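Here is protein_15.cif, consisting of mmCIF, C-alpha atoms:
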data_data
#
loop_
_atom_site.label_atom_id
_atom_site.label_comp_id
_atom_site.auth_asym_id
_atom_site.auth_seq_id
_atom_site.Cartn_x
_atom_site.Cartn_y
_atom_site.Cartn_z
CA MET A 40 9.91 -1.03 -12.00
CA ASP A 41 12.17 -3.91 -11.04
CA PHE A 42 10.71 -7.15 -9.73
CA PHE A 43 10.93 -7.15 -5.94
CA LEU A 44 11.64 -10.57 -4.58
CA PRO A 45 10.98 -11.22 -0.88
CA SER A 46 12.90 -14.42 -0.31
CA GLY A 47 15.69 -15.90 1.67
CA LYS A 48 18.25 -15.47 -1.06
CA SER A 49 21.05 -12.97 -1.06
CA SER A 50 20.89 -10.06 -3.40
CA LYS A 51 23.33 -9.82 -6.24
CA ASN A 52 23.48 -6.14 -5.47
CA SER A 53 23.99 -6.52 -1.77
CA GLU A 54 27.62 -5.49 -2.04
CA SER A 55 27.19 -2.60 -4.48
CA GLY A 56 24.37 -0.42 -5.74
CA ASP A 57 23.65 2.47 -8.02
CA LEU A 58 21.16 4.56 -6.03
CA LYS A 59 21.88 7.62 -3.93
CA TRP A 60 19.82 8.14 -0.79
CA TRP A 61 17.81 11.04 -2.26
CA GLN A 62 16.93 8.94 -5.31
CA LEU A 63 15.55 6.22 -3.05
CA SER A 64 13.53 8.88 -1.20
CA LEU A 65 11.95 10.08 -4.45
CA ILE A 66 11.21 6.53 -5.57
CA GLY A 67 9.60 5.92 -2.19
CA VAL A 68 7.33 8.93 -2.54
CA GLY A 69 6.27 7.79 -6.01
CA CYS A 70 5.65 4.17 -4.97
CA THR A 71 3.72 5.10 -1.83
CA ILE A 72 1.26 7.66 -3.19
CA GLY A 73 -1.67 5.83 -4.75
CA THR A 74 -5.44 5.49 -4.77
CA GLY A 75 -5.22 4.53 -1.09
CA PHE A 76 -4.61 8.22 -0.49
CA PHE A 77 -6.51 9.74 -3.40
CA LEU A 78 -9.71 7.78 -2.75
CA GLY A 79 -9.24 5.79 0.48
CA SER A 80 -8.73 8.98 2.49
CA ALA A 81 -12.32 9.94 1.64
CA ILE A 82 -13.51 6.92 3.63
CA GLY A 83 -11.30 7.99 6.52
CA ILE A 84 -12.76 11.51 6.47
CA LYS A 85 -16.27 10.09 6.30
CA ILE A 86 -15.58 7.89 9.34
CA THR A 87 -13.82 10.41 11.58
CA GLY A 88 -14.13 13.94 10.12
CA PRO A 89 -11.38 16.60 10.26
CA SER A 90 -9.40 14.51 12.76
CA ILE A 91 -8.23 12.43 9.79
CA VAL A 92 -5.25 14.80 9.82
CA PHE A 93 -4.21 13.42 13.22
CA SER A 94 -4.73 9.86 11.96
CA PHE A 95 -2.22 10.51 9.20
CA ILE A 96 0.31 11.97 11.63
CA LEU A 97 0.04 8.92 13.93
CA ALA A 98 0.29 6.59 10.95
CA ALA A 99 3.42 8.46 9.84
CA LEU A 100 5.00 7.80 13.23
CA GLY A 101 4.17 4.09 13.01
CA THR A 102 5.47 3.96 9.44
CA TYR A 103 8.74 5.63 10.47
CA ILE A 104 9.27 3.08 13.24
CA VAL A 105 8.76 0.19 10.83
CA TYR A 106 10.96 1.59 8.09
CA ASN A 107 13.74 2.62 10.48
CA LEU A 108 14.00 -0.92 11.86
CA LEU A 109 13.86 -2.44 8.37
CA ALA A 110 16.54 -0.03 7.16
CA LYS A 111 18.81 -0.91 10.07
CA MET A 112 18.49 -4.63 9.33
CA THR A 113 19.20 -3.88 5.66
CA ALA A 114 22.31 -1.85 6.55
CA GLU A 115 23.59 -4.60 8.82
CA ASP A 116 22.77 -7.55 6.54
CA PRO A 117 21.71 -6.48 3.01
CA GLN A 118 19.47 -9.12 1.45
CA GLU A 119 17.26 -9.17 -1.61
CA GLY A 120 14.65 -11.00 0.44
CA SER A 121 14.46 -8.12 2.90
CA PHE A 122 11.69 -8.48 5.49
CA CYS A 123 10.80 -12.09 4.63
CA TYR A 124 14.46 -13.08 4.86
CA TYR A 125 14.72 -11.37 8.27
CA ALA A 126 11.56 -13.10 9.52
CA ASN A 127 13.10 -16.44 8.49
CA LYS A 128 16.39 -15.51 10.16
CA ALA A 129 14.68 -14.46 13.38
CA TYR A 130 12.02 -17.13 13.85
CA GLY A 131 12.58 -19.90 11.34
CA LYS A 132 11.08 -21.26 8.16
CA TRP A 133 7.46 -20.86 9.23
CA ALA A 134 7.93 -17.10 9.67
CA GLY A 135 9.55 -16.59 6.27
CA PHE A 136 6.86 -18.73 4.62
CA SER A 137 4.02 -16.88 6.37
CA CYS A 138 5.57 -13.51 5.62
CA GLY A 139 6.00 -14.31 1.92
CA TRP A 140 2.49 -15.64 1.39
CA ASN A 141 0.93 -12.90 3.49
CA TYR A 142 2.72 -10.38 1.29
CA TRP A 143 1.50 -12.16 -1.84
CA CYS A 144 -2.10 -12.13 -0.57
CA SER A 145 -1.89 -8.48 0.49
CA ASN A 146 -0.71 -7.50 -2.99
CA ILE A 147 -3.53 -9.49 -4.60
CA LEU A 148 -5.97 -7.52 -2.44
CA ILE A 149 -4.14 -4.28 -3.24
CA MET A 150 -4.62 -5.05 -6.93
CA GLY A 151 -8.29 -5.65 -6.25
CA SER A 152 -8.51 -2.40 -4.30
CA GLN A 153 -6.77 -0.44 -7.06
CA LEU A 154 -8.91 -2.16 -9.70
CA THR A 155 -12.09 -1.23 -7.88
CA ALA A 156 -10.88 2.34 -7.29
CA LEU A 157 -10.07 2.77 -10.98
CA SER A 158 -13.54 1.50 -11.88
CA ILE A 159 -15.23 3.86 -9.41
CA LEU A 160 -13.24 6.82 -10.71
CA THR A 161 -14.00 5.97 -14.35
CA ARG A 162 -17.72 5.95 -13.58
CA PHE A 163 -17.30 9.70 -13.03
CA TRP A 164 -17.61 9.94 -16.82
CA PHE A 165 -19.78 6.86 -17.40
CA PRO A 166 -22.06 6.61 -14.34
CA HIS A 167 -24.43 4.02 -15.80
CA VAL A 168 -21.81 1.43 -16.80
CA PRO A 169 -21.55 -1.47 -14.31
CA LEU A 170 -18.46 -1.48 -12.10
CA TRP A 171 -17.30 -4.90 -13.24
CA VAL A 172 -17.05 -3.81 -16.89
CA PHE A 173 -14.35 -1.26 -16.07
CA ALA A 174 -12.68 -3.71 -13.69
CA ALA A 175 -12.41 -6.27 -16.47
CA GLY A 176 -11.05 -3.69 -18.90
CA TYR A 177 -8.31 -2.42 -16.59
CA ALA A 178 -7.38 -5.99 -15.61
CA ILE A 179 -6.92 -6.95 -19.28
CA LEU A 180 -4.79 -3.85 -19.93
CA SER A 181 -2.61 -4.62 -16.91
CA ILE A 182 -2.11 -8.24 -18.02
CA ILE A 183 -1.14 -7.05 -21.52
CA VAL A 184 1.53 -4.79 -20.02
CA VAL A 185 3.00 -7.74 -18.10
CA LEU A 186 2.88 -10.03 -21.13
CA THR A 187 4.81 -7.51 -23.22
CA GLY A 188 7.56 -7.33 -20.61
CA ASN A 189 8.51 -4.67 -18.10
CA LYS A 190 11.06 -2.68 -20.12
CA GLY A 191 8.46 -0.34 -21.55
CA PHE A 192 6.78 -0.02 -18.19
CA ASP A 193 10.13 0.92 -16.59
CA LYS A 194 10.40 3.95 -18.84
CA VAL A 195 7.06 5.43 -17.82
CA GLU A 196 7.04 4.47 -14.14
CA ASP A 197 8.92 7.62 -13.16
CA LEU A 198 6.43 9.66 -15.18
CA PHE A 199 3.55 8.02 -13.31
CA ALA A 200 5.21 8.92 -10.01
CA VAL A 201 5.48 12.55 -11.12
CA ILE A 202 1.81 12.58 -12.16
CA LYS A 203 0.73 11.33 -8.73
CA THR A 204 2.70 13.98 -6.89
CA ALA A 205 1.79 16.72 -9.37
CA ALA A 206 -1.93 16.00 -8.91
CA ILE A 207 -1.68 16.65 -5.16
CA ILE A 208 0.47 19.76 -5.65
CA MET A 209 -2.03 21.03 -8.23
CA PHE A 210 -4.81 20.70 -5.66
CA ILE A 211 -2.76 22.50 -2.99
CA ILE A 212 -2.02 25.41 -5.35
CA LEU A 213 -5.62 25.69 -6.55
CA ALA A 214 -6.99 25.43 -3.01
CA ALA A 215 -4.62 28.15 -1.81
CA ALA A 216 -5.64 30.34 -4.76
CA ALA A 217 -9.33 29.73 -3.99
CA LEU A 218 -8.96 30.56 -0.30
CA SER A 219 -6.98 33.73 -1.07
CA GLY A 220 -9.68 34.95 -3.46
CA VAL A 221 -7.70 34.56 -6.66
CA ILE A 222 -10.30 32.05 -7.91
CA ASP A 223 -13.91 33.19 -7.69
CA GLY A 224 -16.45 30.91 -6.07
CA ASP A 225 -18.53 30.28 -2.97
CA ALA A 226 -16.23 31.57 -0.23
CA ARG A 227 -18.19 29.98 2.59
CA HIS A 228 -16.14 27.20 4.14
CA PRO A 229 -16.60 25.34 7.40
CA GLY A 230 -12.99 26.19 8.29
CA PHE A 231 -10.99 24.44 10.97
CA PRO A 232 -12.98 23.11 13.93
CA GLY A 233 -13.11 25.22 17.05
CA SER A 234 -13.79 22.42 19.53
CA SER A 235 -12.94 18.78 20.12
CA GLY A 236 -16.48 17.84 19.17
CA GLU A 237 -16.01 19.42 15.76
CA TRP A 238 -12.61 17.81 15.25
CA PHE A 239 -14.06 14.42 16.20
CA PRO A 240 -17.70 14.53 15.02
CA GLU A 241 -17.90 10.72 15.10
CA GLY A 242 -16.19 10.50 18.49
CA PHE A 243 -13.12 8.51 19.45
CA LYS A 244 -14.66 5.42 17.87
CA GLY A 245 -14.62 7.05 14.44
CA PHE A 246 -11.04 8.27 14.90
CA TRP A 247 -9.93 4.80 15.95
CA SER A 248 -11.57 3.23 12.90
CA SER A 249 -9.96 5.74 10.53
CA LEU A 250 -6.39 4.72 11.42
CA ILE A 251 -6.41 1.79 8.99
CA TYR A 252 -6.94 4.14 6.02
CA ALA A 253 -4.16 6.44 7.15
CA PHE A 254 -1.77 3.50 7.44
CA TYR A 255 -2.93 2.16 4.08
CA ALA A 256 -1.95 5.45 2.44
CA TYR A 257 1.64 4.81 3.58
CA GLY A 258 1.59 1.24 2.26
CA GLY A 259 4.56 0.54 0.02
CA ILE A 260 7.22 1.45 2.55
CA GLU A 261 8.25 -2.22 2.72
CA VAL A 262 8.98 -2.19 -1.03
CA ILE A 263 11.48 0.60 -0.45
CA GLY A 264 13.11 -1.63 2.13
CA LEU A 265 13.57 -4.19 -0.63
CA MET A 266 15.08 -1.57 -2.92
CA ALA A 267 17.46 -0.33 -0.21
CA THR A 268 19.90 -3.06 -1.29
CA ARG A 269 20.53 -0.95 -4.40
CA LEU A 270 21.92 1.98 -2.40
CA LYS A 271 25.56 2.89 -2.98
CA LYS A 272 25.87 3.27 0.78
CA LYS A 273 23.62 0.85 2.67
CA GLU A 274 24.00 2.92 5.84
CA ASP A 275 22.05 5.72 4.10
CA ALA A 276 18.85 3.65 4.13
CA PRO A 277 17.47 5.18 7.38
CA LYS A 278 18.16 8.72 6.09
CA ALA A 279 16.39 7.98 2.80
CA GLY A 280 13.34 6.76 4.70
CA ILE A 281 13.21 9.77 7.01
CA ILE A 282 13.33 12.27 4.13
CA MET A 283 10.73 10.25 2.22
CA LEU A 284 8.36 10.26 5.19
CA ILE A 285 8.87 13.97 5.84
CA VAL A 286 7.90 14.73 2.23
CA LEU A 287 4.89 12.40 2.41
CA VAL A 288 3.67 13.83 5.73
CA ILE A 289 3.94 17.40 4.44
CA ILE A 290 2.05 16.55 1.24
CA TYR A 291 -0.58 14.43 3.00
CA VAL A 292 -1.27 16.72 5.96
CA ILE A 293 -1.39 19.97 3.96
CA SER A 294 -3.67 18.55 1.26
CA LEU A 295 -6.02 16.83 3.73
CA GLY A 296 -6.02 19.91 5.97
CA LEU A 297 -7.13 22.04 3.03
CA ALA A 298 -9.78 19.48 2.05
CA VAL A 299 -11.44 19.36 5.49
CA TYR A 300 -11.16 23.16 5.77
CA MET A 301 -12.98 23.72 2.49
CA ALA A 302 -15.77 21.13 2.71
CA SER A 303 -18.01 19.93 5.52
CA HIS A 304 -17.67 16.47 7.02
CA GLY A 305 -20.88 15.20 5.45
CA ALA A 306 -19.85 16.17 1.92
CA PHE A 307 -17.20 13.47 1.56
CA ASN A 308 -17.96 9.99 0.25
CA GLU A 309 -16.01 6.94 -0.93
CA LYS A 310 -17.04 7.39 -4.57
CA GLU A 311 -15.17 10.66 -5.07
CA SER A 312 -11.71 11.93 -4.19
CA PRO A 313 -11.88 14.32 -1.20
CA PHE A 314 -9.90 16.87 -3.22
CA VAL A 315 -12.52 16.97 -5.96
CA THR A 316 -15.17 17.38 -3.25
CA ALA A 317 -13.25 20.27 -1.68
CA MET A 318 -13.05 22.19 -4.98
CA TYR A 319 -16.66 21.53 -5.98
CA LYS A 320 -17.98 25.00 -5.06
CA TYR A 321 -15.52 26.75 -7.35
CA ASN A 322 -16.96 25.27 -10.53
CA LEU A 323 -13.58 24.66 -12.14
CA ALA A 324 -14.79 22.64 -15.11
CA PHE A 325 -11.35 21.22 -15.90
CA PHE A 326 -10.30 20.23 -12.38
CA PRO A 327 -12.46 17.12 -11.76
CA HIS A 328 -11.58 15.72 -15.18
CA VAL A 329 -7.84 16.41 -15.01
CA PHE A 330 -7.57 15.27 -11.41
CA ASN A 331 -9.62 12.14 -12.05
CA ALA A 332 -7.48 11.23 -15.06
CA ALA A 333 -4.27 11.77 -13.06
CA ILE A 334 -5.51 9.46 -10.30
CA ILE A 335 -6.52 6.78 -12.80
CA ILE A 336 -3.09 6.85 -14.44
CA ALA A 337 -1.41 6.70 -11.04
CA GLY A 338 -3.65 3.89 -9.83
CA PHE A 339 -3.11 1.86 -12.97
CA SER A 340 0.68 2.12 -12.56
CA THR A 341 0.43 0.94 -8.95
CA MET A 342 -1.84 -1.98 -9.87
CA THR A 343 0.40 -3.10 -12.73
CA ALA A 344 3.49 -2.82 -10.56
CA SER A 345 1.77 -5.02 -7.98
CA LEU A 346 0.96 -7.56 -10.71
CA PHE A 347 4.64 -7.60 -11.70
CA GLY A 348 5.56 -7.99 -8.04
CA VAL A 349 3.26 -10.87 -7.11
CA THR A 350 4.24 -12.71 -10.29
CA ALA A 351 7.95 -12.51 -9.43
CA LEU A 352 7.32 -13.21 -5.75
CA LEU A 353 5.52 -16.49 -6.44
CA VAL A 354 8.49 -17.63 -8.57
CA THR A 355 10.80 -16.93 -5.64
CA LEU A 356 8.53 -18.74 -3.19
CA ALA A 357 8.52 -21.74 -5.55
CA ASN A 358 12.32 -21.66 -5.87
CA ASP A 359 12.59 -21.67 -2.08
CA GLY A 360 10.21 -24.61 -1.77
CA ASP A 361 7.44 -22.49 -0.25
CA ALA A 362 5.13 -22.90 -3.27
CA PRO A 363 4.54 -25.68 -5.84
CA ALA A 364 7.49 -26.02 -8.23
CA VAL A 365 5.28 -25.40 -11.27
CA PHE A 366 5.15 -21.70 -10.38
CA SER A 367 8.90 -21.33 -10.89
CA LYS A 368 8.70 -22.29 -14.57
CA LYS A 369 9.40 -19.61 -17.17
CA ILE A 370 8.49 -19.65 -20.84
CA LYS A 371 11.41 -18.59 -23.05
CA LYS A 372 9.14 -17.89 -26.03
CA TRP A 373 7.34 -15.34 -23.84
CA LYS A 374 10.43 -13.33 -22.84
CA ASP A 375 11.13 -15.68 -19.92
CA LEU A 376 7.83 -14.73 -18.31
CA PRO A 377 6.68 -16.99 -15.47
CA LEU A 378 3.28 -17.72 -16.98
CA PRO A 379 2.08 -20.18 -14.27
CA SER A 380 2.81 -17.54 -11.61
CA LEU A 381 1.11 -14.87 -13.70
CA GLY A 382 -1.85 -17.21 -14.16
CA LEU A 383 -2.45 -17.43 -10.42
CA ALA A 384 -2.22 -13.64 -10.11
CA MET A 385 -4.73 -13.36 -12.96
CA ALA A 386 -7.05 -15.67 -11.02
CA GLY A 387 -6.84 -13.19 -8.16
CA LEU A 388 -7.78 -10.36 -10.51
CA ILE A 389 -10.72 -12.36 -11.85
CA ALA A 390 -11.89 -12.98 -8.29
CA SER A 391 -11.81 -9.21 -7.73
CA ILE A 392 -13.93 -8.63 -10.83
CA VAL A 393 -16.48 -11.24 -9.74
CA THR A 394 -16.60 -9.72 -6.27
CA ALA A 395 -17.14 -6.26 -7.78
CA LEU A 396 -20.07 -7.72 -9.70
CA LEU A 397 -21.61 -9.32 -6.61
CA LEU A 398 -20.92 -6.51 -4.12
CA PRO A 399 -20.79 -3.24 -6.09
CA GLY A 400 -21.78 -1.06 -3.13
CA LYS A 401 -19.21 -1.82 -0.43
CA ILE A 402 -16.48 -3.69 -2.28
CA TYR A 403 -13.90 -0.88 -2.16
CA GLU A 404 -14.17 -0.42 1.61
CA TYR A 405 -13.96 -4.18 2.20
CA ILE A 406 -10.97 -4.88 -0.06
CA THR A 407 -9.07 -1.77 1.02
CA THR A 408 -9.58 -2.61 4.69
CA ALA A 409 -8.44 -6.21 4.23
CA ALA A 410 -5.40 -5.16 2.16
CA GLY A 411 -4.43 -2.58 4.77
CA ILE A 412 -4.64 -5.13 7.58
CA LEU A 413 -2.48 -7.67 5.73
CA ILE A 414 0.14 -4.98 5.09
CA LEU A 415 0.19 -4.21 8.80
CA PHE A 416 0.65 -7.89 9.64
CA ASN A 417 3.83 -7.81 7.57
CA TRP A 418 4.91 -4.62 9.29
CA SER A 419 4.47 -6.43 12.61
CA PHE A 420 6.80 -9.15 11.30
CA ILE A 421 9.39 -6.46 10.56
CA ILE A 422 9.24 -5.08 14.10
CA ILE A 423 9.37 -8.40 15.94
CA SER A 424 12.15 -9.63 13.64
CA ALA A 425 14.20 -6.52 14.39
CA LEU A 426 13.71 -7.01 18.14
CA ARG A 427 15.36 -10.41 17.86
CA ILE A 428 18.04 -9.67 15.22
CA LEU A 429 19.25 -6.19 16.16
CA GLU A 430 20.91 -4.99 19.34
CA ILE A 431 18.43 -2.30 20.29
CA LYS A 432 18.78 0.06 23.23
CA LEU A 433 15.95 0.79 25.66
CA PHE A 434 14.61 3.82 23.76
CA GLY A 435 14.65 1.84 20.51
CA LYS A 436 12.72 -0.98 22.14
CA MET A 437 10.16 1.49 23.48
CA MET A 438 9.70 2.89 19.98
CA ALA A 439 9.35 -0.62 18.57
CA PHE A 440 6.59 -1.45 21.06
CA LEU A 441 4.92 1.89 20.30
CA GLY A 442 4.91 0.84 16.64
CA LEU A 443 3.24 -2.45 17.54
CA ILE A 444 0.63 -0.60 19.62
CA LEU A 445 -0.17 1.76 16.73
CA ILE A 446 -0.48 -1.18 14.33
CA LEU A 447 -2.71 -3.07 16.76
CA SER A 448 -4.86 0.04 17.17
CA ALA A 449 -5.30 0.37 13.41
CA VAL A 450 -6.22 -3.30 12.98
CA SER A 451 -8.59 -3.44 15.96
CA GLY A 452 -10.26 -0.20 14.89
CA THR A 453 -11.75 -2.00 11.88
CA LEU A 454 -13.81 -4.15 14.23
CA ILE A 455 -15.72 -1.28 15.80
CA GLU A 456 -16.88 0.29 12.54
CA LYS A 457 -19.73 -1.68 11.00
CA SER A 458 -19.20 -0.36 7.47
CA ILE A 459 -15.64 -1.78 7.23
CA ARG A 460 -15.78 -4.68 9.71
CA PHE A 461 -16.22 -7.29 7.01
CA GLY A 462 -12.76 -6.38 5.68
CA PHE A 463 -11.23 -7.54 8.96
CA PHE A 464 -12.76 -10.98 8.59
CA VAL A 465 -11.56 -11.19 4.99
CA SER A 466 -7.99 -10.55 6.16
CA LEU A 467 -8.44 -13.03 9.02
CA LEU A 468 -9.49 -15.69 6.51
CA PHE A 469 -6.29 -15.18 4.51
CA VAL A 470 -4.10 -15.26 7.64
CA SER A 471 -5.84 -18.38 8.96
CA ILE A 472 -5.32 -20.27 5.69
CA ILE A 473 -1.63 -19.32 5.63
CA ALA A 474 -1.22 -20.32 9.28
CA VAL A 475 -2.84 -23.74 8.75
CA ILE A 476 -0.63 -24.45 5.72
CA ALA A 477 2.46 -23.31 7.66
CA VAL A 478 1.63 -25.75 10.49
CA ILE A 479 1.17 -28.60 8.00
CA MET A 480 4.44 -27.73 6.23
CA GLN A 481 6.26 -27.59 9.57
CA LYS A 482 5.08 -31.07 10.52
CA LYS A 483 5.25 -32.75 7.11
CA VAL A 484 8.13 -31.08 5.26
CA TRP A 485 10.45 -28.71 7.12
CA LYS A 486 10.82 -30.88 10.22
CA HIS A 487 11.89 -33.91 8.15
CA LYS A 488 14.27 -31.81 6.06
CA SER A 489 15.98 -30.42 9.13
CA GLN A 490 16.30 -33.91 10.62
CA GLY A 491 17.70 -35.23 7.34
CA SER A 492 20.29 -32.44 7.17
CA CYS A 493 21.55 -33.46 10.59
#

Output the file's structure in the form of structure tokens.
Amino acid sequence: MDFFLPSGKSSKNSESGDLKWWQLSLIGVGCTIGTGFFLGSAIGIKITGPSIVFSFILAALGTYIVYNLLAKMTAEDPQEGSFCYYANKAYGKWAGFSCGWNYWCSNILIMGSQLTALSILTRFWFPHVPLWVFAAGYAILSIIVVLTGNKGFDKVEDLFAVIKTAAIIMFIILAAAALSGVIDGDARHPGFPGSSGEWFPEGFKGFWSSLIYAFYAYGGIEVIGLMATRLKKKEDAPKAGIIMLIVLVIIYVISLGLAVYMASHGAFNEKESPFVTAMYKYNLAFFPHVFNAAIIIAGFSTMTASLFGVTALLVTLANDGDAPAVFSKKIKKWKDLPLPSLGLAMAGLIASIVTALLLPGKIYEYITTAAGILILFNWSFIIISALRILEIKLFGKMMAFLGLILILSAVSGTLIEKSIRFGFFVSLLFVSIIAVIAVIMQKKVWKHKSQGSC
């Protein structure tokens, strides 16, 4: 996986690229599918019930709106900095700074979410081992991968993407075989709901709260916007995103539809993938182990890729003057690795491990909720930047505002569900800190620089 660098600098590949649109679509599918879907969707089902399928469809619409606008900006003005560059272009230095640091913080939380998910999944085999022990182990492994360079990781990243997708397809095939009677087992299933009350057992409140987990499962779309600069034809970026989303929606909706058809609402919990829960009655001894291992491999790849990303991002922020200069330093003896930047990312991982130790019960819900909200804040930046930069017709503007409404609904839904509400305040803390620093920088640094340049 290449370092993705949200900054204000032009891409070296902005004039030419090596990717075809279908290749970008496949990369997008691989980058997007992660433990947010494999494990986070279980929380969504628990909160809302079978209507989680509708949550994923609405989230897909919101995701399409965001990606389409980002792709259009990329086609018009290809930049390596992508959405942070466009925020800077549309609203000034404070927007680019806020966007960059918000993205850094969201990825730190994503790493914490993935780390916690990996630990929860590993306890499937070792239920009595404390969560923080596995968290520490996976964190050390991820750091080792970064320290040895990303060439080896590049070679297996495509394989990890295949494993993620294959795990879902395996479930779909086995579920279809079970429902058709090919696999023997308890054939009694709740089936699809026959009334609105059965579709929404937790009411509209539960459905509203579940939106954040549906959106989180599509997280990663902004990374594909960064990679769109590598397309041979930049104008193919919207097409690549549409095909990618169609594939994701088909995979997500079919697999979740089968899961809620095969198991009752009360059977799902955040400590087990909903697909393992759905196949429980069929006593397939191999399935939980194989599926669990596939998710762990996929989650580890996503976490390590995020560690690569935040390390490179902090270097770019430092080069642009949006972070202390020390974070731009690279150590030649260590394959030009930016060790100071990696050190700060490692501090974030350590904080996740400590938090897992202190709050082993609810940590995954909290971190996942906060990470999802911070991602959506960046998506909001993409929409409002596009409204200022692009010449958008009336229908396009209506779609843009619909995207903002869907994002606002997902964020606000976290406030009405007690079990995930704390995650909202965690994200608010991060945003508030970034906002305060941006105000200080505007008054103390950027304002004087702009006056001096005049």

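Atom to atom, CA of Tyr319 (chain A) and CA of Ser458 (chain A) stand 25.8 Å apart.
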
Might you pull out every residue within 12 Å of Ile389 (chain A), with all atoms listed in the file counted and same-chain residues fewer than 5 positions away left off, and present them as an mmCIF file with C-alpha atoms, in the coordinates of the input?
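Output file out.cif follows:
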data_model
loop_
_atom_site.group_PDB
_atom_site.id
_atom_site.type_symbol
_atom_site.label_atom_id
_atom_site.label_comp_id
_atom_site.auth_asym_id
_atom_site.auth_seq_id
_atom_site.Cartn_x
_atom_site.Cartn_y
_atom_site.Cartn_z
ATOM 1 C CA ILE A 147 -3.530 -9.490 -4.600
ATOM 2 C CA LEU A 148 -5.970 -7.520 -2.440
ATOM 3 C CA MET A 150 -4.620 -5.050 -6.930
ATOM 4 C CA GLY A 151 -8.290 -5.650 -6.250
ATOM 5 C CA LEU A 154 -8.910 -2.160 -9.700
ATOM 6 C CA THR A 155 -12.090 -1.230 -7.880
ATOM 7 C CA TRP A 171 -17.300 -4.900 -13.240
ATOM 8 C CA VAL A 172 -17.050 -3.810 -16.890
ATOM 9 C CA ALA A 174 -12.680 -3.710 -13.690
ATOM 10 C CA ALA A 175 -12.410 -6.270 -16.470
ATOM 11 C CA GLY A 176 -11.050 -3.690 -18.900
ATOM 12 C CA TYR A 177 -8.310 -2.420 -16.590
ATOM 13 C CA ALA A 178 -7.380 -5.990 -15.610
ATOM 14 C CA ILE A 179 -6.920 -6.950 -19.280
ATOM 15 C CA ILE A 182 -2.110 -8.240 -18.020
ATOM 16 C CA GLY A 382 -1.850 -17.210 -14.160
ATOM 17 C CA LEU A 383 -2.450 -17.430 -10.420
ATOM 18 C CA ALA A 384 -2.220 -13.640 -10.110
ATOM 19 C CA THR A 394 -16.600 -9.720 -6.270
ATOM 20 C CA ALA A 395 -17.140 -6.260 -7.780
ATOM 21 C CA LEU A 396 -20.070 -7.720 -9.700
#

Inset, instruction - Just say which residues the PyMOL selection byres ((chain A and resi 101) around 12) picks in this file, as a VMD selection string. - result: chain A and resid 94 to 100 102 to 108 250 to 251 253 to 255 257 to 258 260 284 415 418 to 419 422 438 to 449

Written selection (C-alpha atoms) as a JSON list (two decimals), keeping the file's coordinate frame:
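Heads up, here's the output in again-v1.json:
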[["chain", "number", "residue", "atom", "x", "y", "z"],
["A", 94, "SER", "CA", -4.73, 9.86, 11.96],
["A", 95, "PHE", "CA", -2.22, 10.51, 9.20],
["A", 96, "ILE", "CA", 0.31, 11.97, 11.63],
["A", 97, "LEU", "CA", 0.04, 8.92, 13.93],
["A", 98, "ALA", "CA", 0.29, 6.59, 10.95],
["A", 99, "ALA", "CA", 3.42, 8.46, 9.84],
["A", 100, "LEU", "CA", 5.00, 7.80, 13.23],
["A", 102, "THR", "CA", 5.47, 3.96, 9.44],
["A", 103, "TYR", "CA", 8.74, 5.63, 10.47],
["A", 104, "ILE", "CA", 9.27, 3.08, 13.24],
["A", 105, "VAL", "CA", 8.76, 0.19, 10.83],
["A", 106, "TYR", "CA", 10.96, 1.59, 8.09],
["A", 107, "ASN", "CA", 13.74, 2.62, 10.48],
["A", 108, "LEU", "CA", 14.00, -0.92, 11.86],
["A", 250, "LEU", "CA", -6.39, 4.72, 11.42],
["A", 251, "ILE", "CA", -6.41, 1.79, 8.99],
["A", 253, "ALA", "CA", -4.16, 6.44, 7.15],
["A", 254, "PHE", "CA", -1.77, 3.50, 7.44],
["A", 255, "TYR", "CA", -2.93, 2.16, 4.08],
["A", 257, "TYR", "CA", 1.64, 4.81, 3.58],
["A", 258, "GLY", "CA", 1.59, 1.24, 2.26],
["A", 260, "ILE", "CA", 7.22, 1.45, 2.55],
["A", 284, "LEU", "CA", 8.36, 10.26, 5.19],
["A", 415, "LEU", "CA", 0.19, -4.21, 8.80],
["A", 418, "TRP", "CA", 4.91, -4.62, 9.29],
["A", 419, "SER", "CA", 4.47, -6.43, 12.61],
["A", 422, "ILE", "CA", 9.24, -5.08, 14.10],
["A", 438, "MET", "CA", 9.70, 2.89, 19.98],
["A", 439, "ALA", "CA", 9.35, -0.62, 18.57],
["A", 440, "PHE", "CA", 6.59, -1.45, 21.06],
["A", 441, "LEU", "CA", 4.92, 1.89, 20.30],
["A", 442, "GLY", "CA", 4.91, 0.84, 16.64],
["A", 443, "LEU", "CA", 3.24, -2.45, 17.54],
["A", 444, "ILE", "CA", 0.63, -0.60, 19.62],
["A", 445, "LEU", "CA", -0.17, 1.76, 16.73],
["A", 446, "ILE", "CA", -0.48, -1.18, 14.33],
["A", 447, "LEU", "CA", -2.71, -3.07, 16.76],
["A", 448, "SER", "CA", -4.86, 0.04, 17.17],
["A", 449, "ALA", "CA", -5.30, 0.37, 13.41]]

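When all atoms listed in the file are used to measure the gap to Thr161 (chain A), the shortest distance among A:Gly296, A:Gly69, A:Pro313, A:Gly338 belongs to A:Gly338.
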
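Neighbouring residues of Cys138 (chain A) at 7 Å or closer, counting only C-alpha atoms and skipping chain neighbours under 3 positions away, are Cys123, Ala134, Gly135, Asn141, Tyr142 and Asn417 of chain A.
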
Selection above as a file: C-alpha atoms, as a compact mmCIF listing (two decimals), in the coordinates of the input:
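What ended up in again-v7.txt:
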# COMPACT_ATOMS: atom_id res chain seq x y z
CA CYS A 123 10.80 -12.09 4.63
CA ALA A 134 7.93 -17.10 9.67
CA GLY A 135 9.55 -16.59 6.27
CA ASN A 141 0.93 -12.90 3.49
CA TYR A 142 2.72 -10.38 1.29
CA ASN A 417 3.83 -7.81 7.57
